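Visitor: So here's target30.txt, just compact mmCIF, C-alpha atoms and all ligand atoms:
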# COMPACT_ATOMS: atom_id res chain seq x y z
CA MET A 127 -14.85 11.00 0.72
CA GLU A 128 -13.50 10.20 4.19
CA GLN A 129 -17.12 9.58 5.18
CA PHE A 130 -17.21 6.77 2.65
CA LEU A 131 -15.23 4.58 5.04
CA ASP A 132 -17.60 5.45 7.92
CA ARG A 133 -20.22 3.10 6.52
CA PHE A 134 -17.86 0.25 7.47
CA ASN A 135 -17.44 1.27 11.11
CA SER A 136 -19.04 -1.89 12.45
CA ASP A 137 -16.72 -3.97 10.24
CA PHE A 138 -13.71 -1.98 11.46
CA GLU A 139 -14.75 -2.61 15.07
CA ALA A 140 -14.97 -6.34 14.46
CA ILE A 141 -11.63 -6.37 12.59
CA ASP A 142 -9.92 -4.40 15.37
CA GLY A 143 -11.38 -6.75 18.00
CA GLU A 144 -9.85 -9.72 16.17
CA LEU A 145 -6.54 -7.89 15.65
CA GLY A 146 -6.39 -7.23 19.40
CA ARG A 147 -7.07 -10.91 20.12
CA SER A 148 -4.42 -12.02 17.62
CA VAL A 149 -1.67 -10.41 19.69
CA GLU A 150 -2.99 -10.48 23.26
CA SER A 151 -1.37 -13.67 24.52
CA HIS A 152 2.19 -13.03 23.41
CA PRO A 153 5.35 -12.10 25.32
CA SER A 154 5.32 -8.51 26.55
CA LEU A 155 7.79 -6.91 24.08
CA VAL A 156 5.95 -8.50 21.15
CA ARG A 157 2.63 -7.39 22.58
CA GLU A 158 3.92 -3.85 23.02
CA ILE A 159 5.32 -3.59 19.49
CA ALA A 160 2.41 -5.42 17.90
CA SER A 161 -0.25 -3.33 19.62
CA TYR A 162 1.63 -0.14 18.79
CA ALA A 163 1.95 -1.03 15.11
CA LEU A 164 -1.32 -2.89 14.57
CA LEU A 165 -3.92 -1.15 16.68
CA GLY A 166 -4.93 2.52 16.44
CA PRO A 167 -4.61 4.54 13.21
CA GLY A 168 -4.60 2.61 9.96
CA LYS A 169 -7.25 2.35 7.29
CA ARG A 170 -7.74 -1.47 7.38
CA LEU A 171 -8.26 -1.36 3.61
CA ARG A 172 -6.91 -4.85 2.98
CA PRO A 173 -9.15 -6.71 5.47
CA LEU A 174 -12.06 -4.66 4.12
CA LEU A 175 -11.29 -5.63 0.51
CA PHE A 176 -11.27 -9.26 1.64
CA LEU A 177 -14.63 -8.91 3.45
CA LEU A 178 -16.34 -7.09 0.58
CA SER A 179 -15.07 -9.59 -2.00
CA SER A 180 -16.25 -12.57 0.01
CA ARG A 181 -19.65 -10.88 0.50
CA LEU A 182 -19.90 -10.18 -3.22
CA CYS A 183 -19.45 -13.92 -3.73
CA GLY A 184 -22.14 -14.78 -1.21
CA LEU A 185 -20.18 -15.45 1.98
CA ASP A 186 -21.36 -13.37 4.93
CA ASP A 187 -20.36 -15.01 8.14
CA ARG A 188 -18.95 -13.39 11.30
CA GLY A 189 -16.27 -16.11 11.33
CA ILE A 190 -14.47 -14.39 8.45
CA TYR A 191 -13.42 -11.39 10.55
CA ARG A 192 -10.69 -13.48 12.11
CA PHE A 193 -9.37 -14.50 8.71
CA SER A 194 -9.55 -10.90 7.47
CA THR A 195 -6.80 -10.00 9.98
CA VAL A 196 -4.33 -12.07 7.92
CA PHE A 197 -4.20 -9.20 5.42
CA GLU A 198 -3.60 -6.52 8.03
CA LEU A 199 -1.02 -8.67 9.83
CA LEU A 200 0.89 -9.28 6.59
CA HIS A 201 0.62 -5.62 5.67
CA VAL A 202 1.87 -4.36 9.04
CA ALA A 203 4.63 -7.03 9.11
CA SER A 204 5.79 -5.71 5.74
CA LEU A 205 5.63 -2.11 7.00
CA LEU A 206 7.84 -2.92 10.00
CA HIS A 207 10.46 -4.28 7.61
CA ASP A 208 9.88 -1.45 5.16
CA ASP A 209 10.47 1.18 7.83
CA VAL A 210 13.84 -0.42 8.56
CA LEU A 211 14.74 -0.49 4.86
CA ASP A 212 13.58 3.11 4.32
CA HIS A 213 14.96 4.52 7.61
CA ALA A 214 11.45 5.89 8.17
CA GLU A 215 10.89 8.10 11.17
CA LEU A 216 7.09 8.34 11.00
CA ARG A 217 4.37 5.82 10.28
CA ARG A 218 0.64 6.38 10.62
CA LYS A 219 1.30 9.78 12.23
CA LYS A 220 3.47 8.22 15.00
CA PRO A 221 7.21 7.55 15.36
CA SER A 222 7.94 4.35 13.43
CA VAL A 223 8.67 1.08 15.26
CA PRO A 224 12.42 1.17 14.38
CA GLN A 225 12.49 4.71 15.70
CA VAL A 226 10.98 3.66 19.04
CA TRP A 227 12.46 0.17 19.58
CA GLY A 228 15.36 0.04 17.09
CA ASN A 229 15.94 -1.96 13.90
CA PRO A 230 16.46 -5.44 15.42
CA ALA A 231 13.16 -5.29 17.31
CA ALA A 232 11.36 -3.97 14.21
CA VAL A 233 12.69 -6.82 12.04
CA LEU A 234 11.77 -9.44 14.63
CA GLY A 235 8.40 -7.79 15.30
CA GLY A 236 7.69 -8.01 11.55
CA ASP A 237 8.72 -11.68 11.51
CA TYR A 238 6.48 -12.35 14.47
CA LEU A 239 3.39 -10.74 12.90
CA PHE A 240 4.16 -12.60 9.67
CA SER A 241 4.16 -15.88 11.63
CA VAL A 242 0.89 -15.03 13.40
CA ALA A 243 -0.65 -14.33 9.98
CA THR A 244 0.43 -17.74 8.65
CA ILE A 245 -0.98 -19.54 11.70
CA ILE A 246 -4.37 -17.84 11.26
CA ALA A 247 -4.30 -18.50 7.51
CA ALA A 248 -3.62 -22.22 8.11
CA GLU A 249 -6.67 -22.58 10.38
CA ILE A 250 -9.05 -22.82 7.43
CA LYS A 251 -7.11 -25.79 5.98
CA ASN A 252 -7.24 -24.57 2.38
CA LEU A 253 -4.01 -25.25 0.49
CA GLU A 254 -4.95 -23.04 -2.46
CA VAL A 255 -5.31 -20.08 -0.09
CA ILE A 256 -1.88 -20.81 1.42
CA ARG A 257 -0.36 -21.13 -2.06
CA LEU A 258 -1.87 -17.81 -3.13
CA LEU A 259 -0.63 -16.04 -0.01
CA SER A 260 2.88 -17.52 -0.39
CA GLU A 261 3.02 -16.38 -4.03
CA ASN A 262 1.94 -12.98 -2.80
CA MET A 263 4.73 -12.76 -0.19
CA LYS A 264 7.24 -13.73 -2.88
CA GLU A 265 5.89 -10.92 -5.09
CA MET A 266 6.15 -8.34 -2.29
CA VAL A 267 9.75 -9.26 -1.54
CA LYS A 268 10.51 -9.21 -5.29
CA GLY A 269 9.01 -5.71 -5.48
CA GLN A 270 11.14 -4.52 -2.60
CA LEU A 271 14.26 -6.03 -4.17
CA MET A 272 13.52 -4.36 -7.52
CA GLU A 273 12.97 -1.08 -5.72
CA LEU A 274 16.29 -1.54 -3.94
CA ALA A 275 18.04 -2.17 -7.24
CA HIS A 276 16.60 1.09 -8.63
CA THR A 277 17.34 3.29 -5.62
CA HIS A 278 18.90 6.58 -6.84
CA ASP A 279 18.51 5.25 -10.40
CA TRP A 280 17.55 8.26 -12.49
CA GLY A 281 17.35 6.00 -15.52
CA ILE A 282 14.41 4.03 -14.09
CA THR A 283 11.60 3.66 -16.63
CA LYS A 284 7.85 3.86 -16.15
CA LYS A 285 7.75 0.13 -16.94
CA ASN A 286 10.23 -0.60 -14.11
CA TYR A 287 8.20 1.59 -11.77
CA LEU A 288 4.88 -0.10 -12.62
CA GLU A 289 6.45 -3.51 -12.10
CA ILE A 290 7.68 -2.43 -8.68
CA ILE A 291 4.39 -1.01 -7.44
CA THR A 292 2.42 -3.94 -8.81
CA ALA A 293 4.62 -6.36 -6.88
CA LYS A 294 5.15 -4.45 -3.66
CA THR A 295 1.65 -3.00 -3.16
CA ALA A 296 -0.97 -4.22 -5.62
CA SER A 297 -0.25 -7.93 -5.09
CA LEU A 298 -1.52 -7.91 -1.48
CA MET A 299 -4.71 -6.05 -2.42
CA SER A 300 -5.15 -8.51 -5.26
CA SER A 301 -4.85 -11.54 -3.01
CA ALA A 302 -7.15 -10.02 -0.37
CA CYS A 303 -9.86 -9.91 -3.08
CA ALA A 304 -9.01 -13.26 -4.70
CA VAL A 305 -8.89 -15.09 -1.36
CA GLY A 306 -12.27 -13.54 -0.44
CA ALA A 307 -13.71 -15.13 -3.60
CA LEU A 308 -11.94 -18.44 -2.97
CA MET A 309 -13.24 -18.73 0.56
CA ALA A 310 -16.76 -18.01 -0.67
CA GLY A 311 -16.43 -21.01 -2.97
CA CYS A 312 -16.19 -19.12 -6.28
CA GLY A 313 -14.81 -20.79 -9.39
CA LYS A 314 -11.46 -19.91 -10.95
CA SER A 315 -12.76 -17.27 -13.34
CA ASP A 316 -14.45 -15.26 -10.59
CA VAL A 317 -11.41 -15.65 -8.31
CA ASP A 318 -9.24 -14.32 -11.17
CA ARG A 319 -11.64 -11.44 -11.83
CA LEU A 320 -11.57 -10.33 -8.22
CA GLY A 321 -7.78 -10.75 -8.21
CA GLN A 322 -7.60 -8.43 -11.22
CA PHE A 323 -9.97 -5.97 -9.56
CA GLY A 324 -7.66 -5.83 -6.50
CA LEU A 325 -4.52 -5.62 -8.63
CA ASN A 326 -5.74 -2.60 -10.62
CA LEU A 327 -7.10 -0.92 -7.52
CA GLY A 328 -3.74 -1.54 -5.83
CA ILE A 329 -1.82 0.08 -8.70
CA ALA A 330 -4.15 3.10 -8.46
CA PHE A 331 -3.59 3.16 -4.69
CA GLN A 332 0.22 3.34 -5.03
CA LEU A 333 0.05 5.90 -7.88
CA LYS A 334 -2.01 8.09 -5.56
CA ASP A 335 0.35 7.42 -2.65
CA ASP A 336 3.31 8.52 -4.76
CA VAL A 337 1.45 11.65 -5.89
CA LEU A 338 0.58 12.47 -2.27
CA ASP A 339 4.30 12.37 -1.51
CA TYR A 340 4.52 15.48 -3.72
CA THR A 341 1.28 17.17 -2.74
CA ALA A 342 0.01 16.30 0.72
CA SER A 343 0.79 17.99 4.00
CA GLU A 344 2.72 15.95 6.55
CA GLN A 345 -0.07 16.51 9.06
CA GLU A 346 -2.66 14.88 6.83
CA PHE A 347 -0.49 12.23 5.19
CA GLY A 348 1.09 11.03 8.43
CA LYS A 349 4.54 10.81 6.84
CA PRO A 350 6.87 13.58 5.65
CA VAL A 351 6.26 15.05 2.20
CA GLY A 352 9.12 14.49 -0.25
CA LYS A 353 10.04 11.35 1.69
CA ASP A 354 10.37 9.20 -1.45
CA LEU A 355 12.88 11.62 -2.96
CA ARG A 356 14.92 11.74 0.21
CA GLU A 357 14.94 7.92 0.28
CA GLY A 358 16.30 7.89 -3.29
CA LYS A 359 12.98 6.57 -4.66
CA ILE A 360 12.37 7.84 -8.16
CA THR A 361 8.60 7.48 -8.52
CA LEU A 362 6.33 8.36 -11.44
CA PRO A 363 6.12 12.14 -10.79
CA LEU A 364 9.91 12.43 -11.08
CA ILE A 365 10.11 9.94 -13.97
CA TYR A 366 7.70 12.20 -15.90
CA LEU A 367 9.67 15.33 -14.96
CA ILE A 368 12.93 13.75 -16.14
CA SER A 369 11.31 12.65 -19.41
CA GLU A 370 10.04 16.18 -20.08
CA LYS A 371 13.52 17.67 -19.74
CA THR A 372 15.95 17.77 -22.63
CA GLY A 373 19.00 15.50 -22.41
CA THR A 374 21.35 17.98 -20.75
CA GLU A 375 18.74 19.42 -18.39
CA ALA A 376 17.94 15.93 -17.13
CA THR A 377 21.61 15.11 -16.64
CA ASP A 378 22.22 18.43 -14.88
CA LEU A 379 19.39 17.72 -12.47
CA GLN A 380 20.66 14.22 -11.82
CA ASN A 381 24.26 15.40 -11.30
CA PHE A 382 23.06 18.10 -8.95
CA PHE A 383 21.39 15.52 -6.71
CA ARG A 384 24.20 13.00 -7.03
CA ASP A 385 27.16 15.29 -6.44
CA ARG A 386 26.00 17.06 -3.31
CA GLN A 387 24.02 16.39 -0.20
CA PRO A 388 20.71 17.99 -1.21
CA ASP A 389 19.09 20.16 1.45
CA ASP A 390 15.44 20.90 2.19
CA GLU A 391 15.44 23.80 -0.28
CA ASP A 392 16.67 21.55 -3.10
CA TYR A 393 13.95 19.00 -2.44
CA LEU A 394 11.28 21.69 -2.24
CA ARG A 395 12.47 23.16 -5.56
CA LEU A 396 12.19 19.77 -7.23
CA ILE A 397 8.74 19.20 -5.72
CA ALA A 398 7.66 22.65 -6.98
CA LEU A 399 8.91 21.78 -10.50
CA VAL A 400 6.80 18.63 -10.52
CA ARG A 401 3.76 20.52 -9.24
CA GLU A 402 4.11 23.21 -11.93
CA LYS A 403 4.18 20.86 -14.87
CA GLY A 404 0.69 19.36 -14.67
CA ILE A 405 2.31 16.04 -13.81
CA ILE A 406 0.20 15.56 -10.71
CA GLU A 407 -3.03 15.93 -12.70
CA ARG A 408 -1.72 13.55 -15.36
CA ILE A 409 -0.97 10.82 -12.81
CA GLN A 410 -4.28 11.44 -11.05
CA ARG A 411 -6.04 10.72 -14.37
CA GLU A 412 -3.96 7.57 -14.85
CA ALA A 413 -4.87 6.37 -11.35
CA GLU A 414 -8.55 6.95 -12.17
CA LYS A 415 -8.16 4.87 -15.33
CA TYR A 416 -6.82 1.96 -13.27
CA VAL A 417 -9.85 2.29 -10.98
CA ASP A 418 -12.20 2.18 -14.01
CA LYS A 419 -10.34 -0.85 -15.29
CA ALA A 420 -10.70 -2.48 -11.86
CA ALA A 421 -14.46 -1.81 -11.83
CA GLY A 422 -14.76 -3.43 -15.27
CA PHE A 423 -13.74 -6.78 -13.74
CA LEU A 424 -16.86 -6.63 -11.55
CA ASP A 425 -19.28 -6.37 -14.49
CA VAL A 426 -20.28 -10.03 -14.37
CA PHE A 427 -21.13 -9.96 -10.66
CA PRO A 428 -24.68 -9.25 -9.47
CA GLU A 429 -25.62 -5.66 -8.67
CA GLY A 430 -25.97 -4.91 -4.99
CA ARG A 431 -24.45 -3.37 -1.90
CA SER A 432 -21.13 -5.32 -1.98
CA LYS A 433 -20.46 -4.44 -5.61
CA GLN A 434 -21.24 -0.78 -4.97
CA ASP A 435 -18.97 -0.84 -1.91
CA LEU A 436 -16.08 -2.30 -3.93
CA ILE A 437 -16.57 0.30 -6.66
CA GLY A 438 -16.72 2.94 -3.90
CA MET A 439 -13.38 1.64 -2.55
CA GLY A 440 -11.89 2.32 -5.96
CA ARG A 441 -13.13 5.91 -5.90
CA TYR A 442 -11.91 6.29 -2.34
CA VAL A 443 -8.32 5.23 -3.05
CA VAL A 444 -7.89 7.87 -5.73
CA THR A 445 -9.69 10.74 -4.02
CA ARG A 446 -8.22 10.36 -0.52
CA ASN A 447 -5.84 12.99 0.77
CA HIS A 448 -3.87 10.72 3.09
C1 LIG B 501 5.69 0.33 1.55
O1 LIG B 501 6.09 1.01 0.40
C2 LIG B 501 6.09 -1.13 1.50
C3 LIG B 501 5.44 -2.11 0.88
C4 LIG B 501 4.20 -1.82 0.14
C5 LIG B 501 5.89 -3.54 0.86
C6 LIG B 501 6.93 -3.95 1.87
C7 LIG B 501 7.32 -5.40 1.68
C8 LIG B 501 8.35 -6.01 2.28
C9 LIG B 501 9.28 -5.30 3.20
C10 LIG B 501 8.60 -7.46 2.00
C11 LIG B 501 8.55 -8.30 3.26
C12 LIG B 501 7.17 -8.74 3.56
C13 LIG B 501 6.75 -9.33 4.74
C14 LIG B 501 5.34 -9.78 4.88
C15 LIG B 501 7.62 -9.53 5.93
P1 LIG B 501 6.61 2.51 0.49
O2 LIG B 501 7.92 2.54 1.20
O3 LIG B 501 6.56 3.08 -0.89
O4 LIG B 501 5.46 3.20 1.32
P2 LIG B 501 5.57 4.11 2.63
O5 LIG B 501 5.78 5.48 2.11
O6 LIG B 501 4.21 3.95 3.29
O7 LIG B 501 6.70 3.61 3.45
MG MG B 502 8.57 3.02 3.03
Could I get this structure in the form of structure tokens?
Ligand code: FPP
Ligand code: MG

Guide:
Amino acid sequence: MEQFLDRFNSDFEAIDGELGRSVESHPSLVREIASYALLGPGKRLRPLLFLLSSRLCGLDDRGIYRFSTVFELLHVASLLHDDVLDHAELRRKKPSVPQVWGNPAAVLGGDYLFSVATIIAAEIKNLEVIRLLSENMKEMVKGQLMELAHTHDWGITKKNYLEIITAKTASLMSSACAVGALMAGCGKSDVDRLGQFGLNLGIAFQLKDDVLDYTASEQEFGKPVGKDLREGKITLPLIYLISEKTGTEATDLQNFFRDRQPDDEDYLRLIALVREKGIIERIQREAEKYVDKAAGFLDVFPEGRSKQDLIGMGRYVVTRNH
């Protein structure tokens, strides 16, 4: 499935060229942090979703590569902040920006990339695009705040969890697709359909990400396994495990993690419990359902390469191993 992304190599080259240009003329510390965080590893899924959606709607112009960087810039800006919030040591298989330059530089680096994204977004002079992107930023921050409120909350429900991942992750994928349609001149219903496609694909993406936290190897995933648990994030695999336990078992488990400083063994035991219960397979199936739902929103669009590529993106996000 990794080869699936290879078909977009020429797009990735053009996106990376524009990303490089977007940060080349800035003060040296910014350039250093920005190139470290932006260039190199990274799947560029959000710019690609934007490109494919605009192509599906008939826009195929080299000029849109520059605009596509808005989605990577916003994504990486959010990751710089996220790595501060999560005390993350690794990102994209490298030490995180806060780890290398410290929290203040990571926060300011994120603010800087966010500002560069808004400048590029404003170039096309389309207020509806700016409104959509601003709504999206509000959603992402809301998602992070909800996640913060539920840190170490063993009572978190699946509904809470889905709200969080929709806001923090799926909203950006949704706007990448919706803005692609908007810029191609599509009407509201097609813009909404592509927005829904991106939203459902984004939910599937985060479900898979949260499963990988229980199943992947650090080498492949590029971040430590069990990281969510250690950060106090109760994601769907654990929510299902808690719901399968009887009242006292669930409380015992919760008390165990609350009353002591859990060590590696404790985390590995919990991960093993989740793996034994068929929970991983259950969430994998749910993620696939979201991808099918996403594909359904493309039904009205003409058959062709762009539609097949978008459907392929859906398959890719749920079959990837990192
Ligand atoms: C990663 O989630 C984080 C996000 C998807 C969103 C982060 C959003 C903000 C910090 C809001 C501020 C936004 C901007 C543009 C400045 P995760 O921690 O579950 O994933 P990870 O395991 O990859 O860290
Ligand atoms: Mg994080």

Visitor: Here is a test: counting only C-alpha atoms and all ligand atoms, which residue of A:Arg147, A:Lys251, A:Lys353, A:Arg157 is nearest to ligand LIG 501 (chain B)?

Guide: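 The closest residue to ligand LIG 501 (chain B) is A:Lys353.
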
Visitor: Skip A:Leu200 itself and residues of its chain fewer than 4 positions away, then list as a PyMOL selection string all residues within 8 Å of it, counting all atoms listed in the file.

Guide: chain A and resi 196+204+239-240+243

Visitor: Hey, could you make a per-residue contact list for chain A against ligand MG 502 (chain B) with 7 Å as the cut-off, showing the nearest pair of atoms and its distance in Å to one decimal, counting only C-alpha atoms and all ligand atoms, sorted by chain and number, as JSON lines?

Guide:
{"residue": "A:Asp208", "atom": "CA", "partner": "B:MG502", "partner_atom": "MG", "distance": 5.1}
{"residue": "A:Asp209", "atom": "CA", "partner": "B:MG502", "partner_atom": "MG", "distance": 5.5}
{"residue": "A:Asp212", "atom": "CA", "partner": "B:MG502", "partner_atom": "MG", "distance": 5.2}
{"residue": "A:Ala214", "atom": "CA", "partner": "B:MG502", "partner_atom": "MG", "distance": 6.6}

Visitor: Please report, as JSON lines, each residue of chain A lying at most 8 Å from ligand LIG 501 (chain B), together with the nearest pair of atoms and the separation in Å rounded to one decimal; use only C-alpha atoms and all ligand atoms, and order rows by chain and ascending residue number.

Guide:
{"residue": "A:Leu200", "atom": "CA", "partner": "B:LIG501", "partner_atom": "C14", "distance": 4.8}
{"residue": "A:His201", "atom": "CA", "partner": "B:LIG501", "partner_atom": "C14", "distance": 6.3}
{"residue": "A:Val202", "atom": "CA", "partner": "B:LIG501", "partner_atom": "C14", "distance": 7.7}
{"residue": "A:Ala203", "atom": "CA", "partner": "B:LIG501", "partner_atom": "C15", "distance": 5.0}
{"residue": "A:Ser204", "atom": "CA", "partner": "B:LIG501", "partner_atom": "C13", "distance": 3.9}
{"residue": "A:Leu205", "atom": "CA", "partner": "B:LIG501", "partner_atom": "C6", "distance": 5.6}
{"residue": "A:Leu206", "atom": "CA", "partner": "B:LIG501", "partner_atom": "C9", "distance": 7.3}
{"residue": "A:His207", "atom": "CA", "partner": "B:LIG501", "partner_atom": "C9", "distance": 4.7}
{"residue": "A:Asp208", "atom": "CA", "partner": "B:LIG501", "partner_atom": "C9", "distance": 4.4}
{"residue": "A:Asp209", "atom": "CA", "partner": "B:LIG501", "partner_atom": "O7", "distance": 6.3}
{"residue": "A:Leu211", "atom": "CA", "partner": "B:LIG501", "partner_atom": "C9", "distance": 7.5}
{"residue": "A:Asp212", "atom": "CA", "partner": "B:LIG501", "partner_atom": "O2", "distance": 6.5}
{"residue": "A:Ala214", "atom": "CA", "partner": "B:LIG501", "partner_atom": "O7", "distance": 7.1}
{"residue": "A:Arg217", "atom": "CA", "partner": "B:LIG501", "partner_atom": "O6", "distance": 7.2}
{"residue": "A:Gly236", "atom": "CA", "partner": "B:LIG501", "partner_atom": "C15", "distance": 5.8}
{"residue": "A:Asp237", "atom": "CA", "partner": "B:LIG501", "partner_atom": "C15", "distance": 6.1}
{"residue": "A:Phe240", "atom": "CA", "partner": "B:LIG501", "partner_atom": "C14", "distance": 5.7}
{"residue": "A:Met263", "atom": "CA", "partner": "B:LIG501", "partner_atom": "C14", "distance": 5.9}
{"residue": "A:Met266", "atom": "CA", "partner": "B:LIG501", "partner_atom": "C10", "distance": 5.0}
{"residue": "A:Val267", "atom": "CA", "partner": "B:LIG501", "partner_atom": "C10", "distance": 4.1}
{"residue": "A:Lys268", "atom": "CA", "partner": "B:LIG501", "partner_atom": "C10", "distance": 7.7}
{"residue": "A:Gly269", "atom": "CA", "partner": "B:LIG501", "partner_atom": "C7", "distance": 7.4}
{"residue": "A:Gln270", "atom": "CA", "partner": "B:LIG501", "partner_atom": "C7", "distance": 5.8}
{"residue": "A:Ile291", "atom": "CA", "partner": "B:LIG501", "partner_atom": "C4", "distance": 7.6}
{"residue": "A:Lys294", "atom": "CA", "partner": "B:LIG501", "partner_atom": "C5", "distance": 4.7}
{"residue": "A:Thr295", "atom": "CA", "partner": "B:LIG501", "partner_atom": "C4", "distance": 4.3}
{"residue": "A:Gln332", "atom": "CA", "partner": "B:LIG501", "partner_atom": "O3", "distance": 7.6}
{"residue": "A:Asp335", "atom": "CA", "partner": "B:LIG501", "partner_atom": "O5", "distance": 7.5}
{"residue": "A:Asp336", "atom": "CA", "partner": "B:LIG501", "partner_atom": "O3", "distance": 7.4}
{"residue": "A:Asp339", "atom": "CA", "partner": "B:LIG501", "partner_atom": "O5", "distance": 7.9}
{"residue": "A:Lys349", "atom": "CA", "partner": "B:LIG501", "partner_atom": "O5", "distance": 7.2}
{"residue": "A:Lys353", "atom": "CA", "partner": "B:LIG501", "partner_atom": "O5", "distance": 7.3}
{"residue": "A:Asp354", "atom": "CA", "partner": "B:LIG501", "partner_atom": "O5", "distance": 6.9}

Visitor: Would you kindly return, as a list in words, each protein, DNA or RNA residue with an atom no farther than 9 Å from any atom of A:Ser297, considering all atoms listed in the file and excluding same-chain residues fewer than 5 positions away?

Guide: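 Skipping anything fewer than 5 positions along the chain leaves Asn262, Met263, Glu265, Met266, Ile291, Thr292, Ala302, Gly321, Gly324, Leu325, Gly328 and Ile329 of chain A.
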
Visitor: From the options A:Ser154, A:Ser315, A:Thr374, A:Ser300, which residue's atoms come nearest to A:Gly235, counting all atoms listed in the file?

Guide: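 With all atoms listed in the file as the atom set, the closest residue is A:Ser154.
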
Visitor: I need the residue nearest A:Val242 from this list: A:Arg188, A:Arg170, A:His152, A:Lys314. Use all atoms listed in the file for the distance.

Guide: A:His152

Visitor: Hey, can you pull every residue with an atom no more than 10 Å from (10.6, 11.1, -4.1), using all atoms listed in the file, and send it as a list of chain:residue names?

Guide: A:His278, A:Asp336, A:Val337, A:Asp339, A:Tyr340, A:Val351, A:Gly352, A:Lys353, A:Asp354, A:Leu355, A:Arg356, A:Glu357, A:Gly358, A:Lys359, A:Ile360, A:Thr361, A:Leu362, A:Pro363, A:Leu364, A:Ile365, A:Tyr393, A:Leu396, A:Ile397

Visitor: Generate the output file for the selected residues, C-alpha atoms, as a short mmCIF file (atom, residue, chain, number, x, y, z; two decimals), keeping the file's coordinate frame.

Guide:
data_model
loop_
_atom_site.label_atom_id
_atom_site.label_comp_id
_atom_site.auth_asym_id
_atom_site.auth_seq_id
_atom_site.Cartn_x
_atom_site.Cartn_y
_atom_site.Cartn_z
CA HIS A 278 18.90 6.58 -6.84
CA ASP A 336 3.31 8.52 -4.76
CA VAL A 337 1.45 11.65 -5.89
CA ASP A 339 4.30 12.37 -1.51
CA TYR A 340 4.52 15.48 -3.72
CA VAL A 351 6.26 15.05 2.20
CA GLY A 352 9.12 14.49 -0.25
CA LYS A 353 10.04 11.35 1.69
CA ASP A 354 10.37 9.20 -1.45
CA LEU A 355 12.88 11.62 -2.96
CA ARG A 356 14.92 11.74 0.21
CA GLU A 357 14.94 7.92 0.28
CA GLY A 358 16.30 7.89 -3.29
CA LYS A 359 12.98 6.57 -4.66
CA ILE A 360 12.37 7.84 -8.16
CA THR A 361 8.60 7.48 -8.52
CA LEU A 362 6.33 8.36 -11.44
CA PRO A 363 6.12 12.14 -10.79
CA LEU A 364 9.91 12.43 -11.08
CA ILE A 365 10.11 9.94 -13.97
CA TYR A 393 13.95 19.00 -2.44
CA LEU A 396 12.19 19.77 -7.23
CA ILE A 397 8.74 19.20 -5.72
#

Visitor: Rank nothing, just name the residue among A:Phe427, A:Phe323, A:Trp280, A:Tyr416 nearest to A:Phe383, using all atoms listed in the file.

Guide: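 Nearest candidate to A:Phe383 out of A:Phe427, A:Phe323, A:Trp280, A:Tyr416: A:Trp280.
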
Visitor: Leaving out A:Tyr191 and any residue of its chain fewer than 6 positions from it, which residues lie within 7 Å of it when counting all atoms listed in the file, given as a PyMOL selection string?

Guide: chain A and resi 140-141+144

Visitor: Which is closer to A:Lys219 than all the others in A:Ala163, A:Met299, A:Val400, A:Leu145, using only C-alpha atoms?

Guide: A:Ala163

Visitor: Which distance in Å separates atom CA of A:Leu394 and atom CA of A:Leu288, to one decimal?

Guide: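 About the pair atom CA of A:Leu394 and atom CA of A:Leu288: they are 25.0 Å apart.
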